[in-house]
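Let me begin by presenting the structure, written as structure tokens, before commenting on it.
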Amino acid sequence: MNFKASALIIPLMATLPLGGCFTTTYTHGHVITGDMMNQVQVGSSREQVELVLGSPSTTSSLNGDAYYYISQKTATTAFMRPDIVEQRVVAVYFDKDGFVQDMGNYTLEDGKIVDIVTRKTRTGGADYGFLTQILKGATNPGFNL
């Protein structure tokens with residue numbers, strides 16, 4: 001092989017595996033911009049809020065009604081776990097008549113991480129392992145867990 005060709009090919013082959021090591025940033029949830037926040041004023045109706053901000057990520061009816069718009073930005077490098085770079089929760093609080101009473105803007109520093117995408121679905125009841133299920137089934141064959 002030609003020396004010039006090998007001088008070019010060897011560094012390219014050495015850097016090829018590094019192509020998978022770049023960081024990818026993903027945004028999940030409902031991103032609310034500053035312009036959107038400025039359009040919602042105290043005294044706006046529930047319908048006006050939904051028109052400007054869209055449907056909320058979740059709602060609450062405890063101590064008055066509230067809409068929550070949750071967004072999260074994660075960064076993933078290669079096969080590593082995603083790191084939460086930014087989290088934002090915009091809360092719109094309504095009075096008993098359905099008009100905006102107050103608004104809140106919360107970040108990661110204000111509270112705990114909201115799990116937007118969870119990989120587990122919890123079910124009711126006890127969480128038995130495989131061996132426990134076999135032994136319980138053997139002791140009481142007519143009983144299903």
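By convention in this document, the chains of the structure tokens carry letters A, B, ... by their order, each chain's residues are numbered from 1, and ligands are numbered from 1 in the order they are shown.
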Give the alpha helix (DSSP H) residues of stretch 12-92 of chain A, as DSSP finds them on the backbone, and put them as a list of chain:residue names.
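Checking each residue of stretch 12-92 of chain A, the alpha helix (DSSP H) ones are A:Leu12, A:Met13, A:Ala14, A:Thr15, A:Gly34, A:Asp35, A:Met36, A:Met37, A:Asn38, A:Gln39, A:Arg46, A:Glu47, A:Gln48, A:Val49, A:Glu50, A:Leu51, A:Val52, A:Leu53.
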Can you pull out the residues contacting A:Ala75? Cut-off 9 Å, using only C-alpha atoms, and skip same-chain residues under 3 positions away; I want them as JSON, numbers by chain.
{"A": [23, 24, 25, 26, 27, 81, 82, 83, 84, 85]}
Residues near A:Thr33, cut-off 10 Å, only C-alpha atoms, skip fewer than 4 positions along chain, as a PyMOL selection string:
chain A and resi 37-38+53
With only C-alpha atoms as the counted atoms, please give the residues lying no more than 9 Å from A:Arg46, apart from itself and same-chain residues fewer than 4 positions off, as a PyMOL selection string.
chain A and resi 50-51+94+98-100
Provide the atom CA of A:His30 to atom CA of A:Gln87 distance in Å, to one decimal place.
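We find that atom CA of A:His30 and atom CA of A:Gln87 lie 10.8 Å from each other.
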Atomic separation - atom CA of A:Gln72 relative to atom CA of A:Ser44, Å
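If I compute the distance from atom CA of A:Ser44 to atom CA of A:Gln72, I get 26.2 Å.
One finds atom CA of A:Gly111 at 19.3 Å from atom CA of A:Pro56.
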Run DSSP on the backbone of this structure and report the residues of stretch 8-89 of chain A it assigns to strand (DSSP E), as a list in words.
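Answer for stretch 8-89 of chain A, restricted to strand (DSSP E): Thr23, Thr24, Thr25, Tyr26, Thr27, His28, Gly29, Thr58, Thr59, Ser60, Ala66, Tyr67, Tyr68, Tyr69, Ile70, Ser71, Gln72, Lys73, Thr74, Ala75, Thr76, Thr77, Asp83, Ile84, Val85, Glu86, Gln87, Arg88 and Val89 of chain A.
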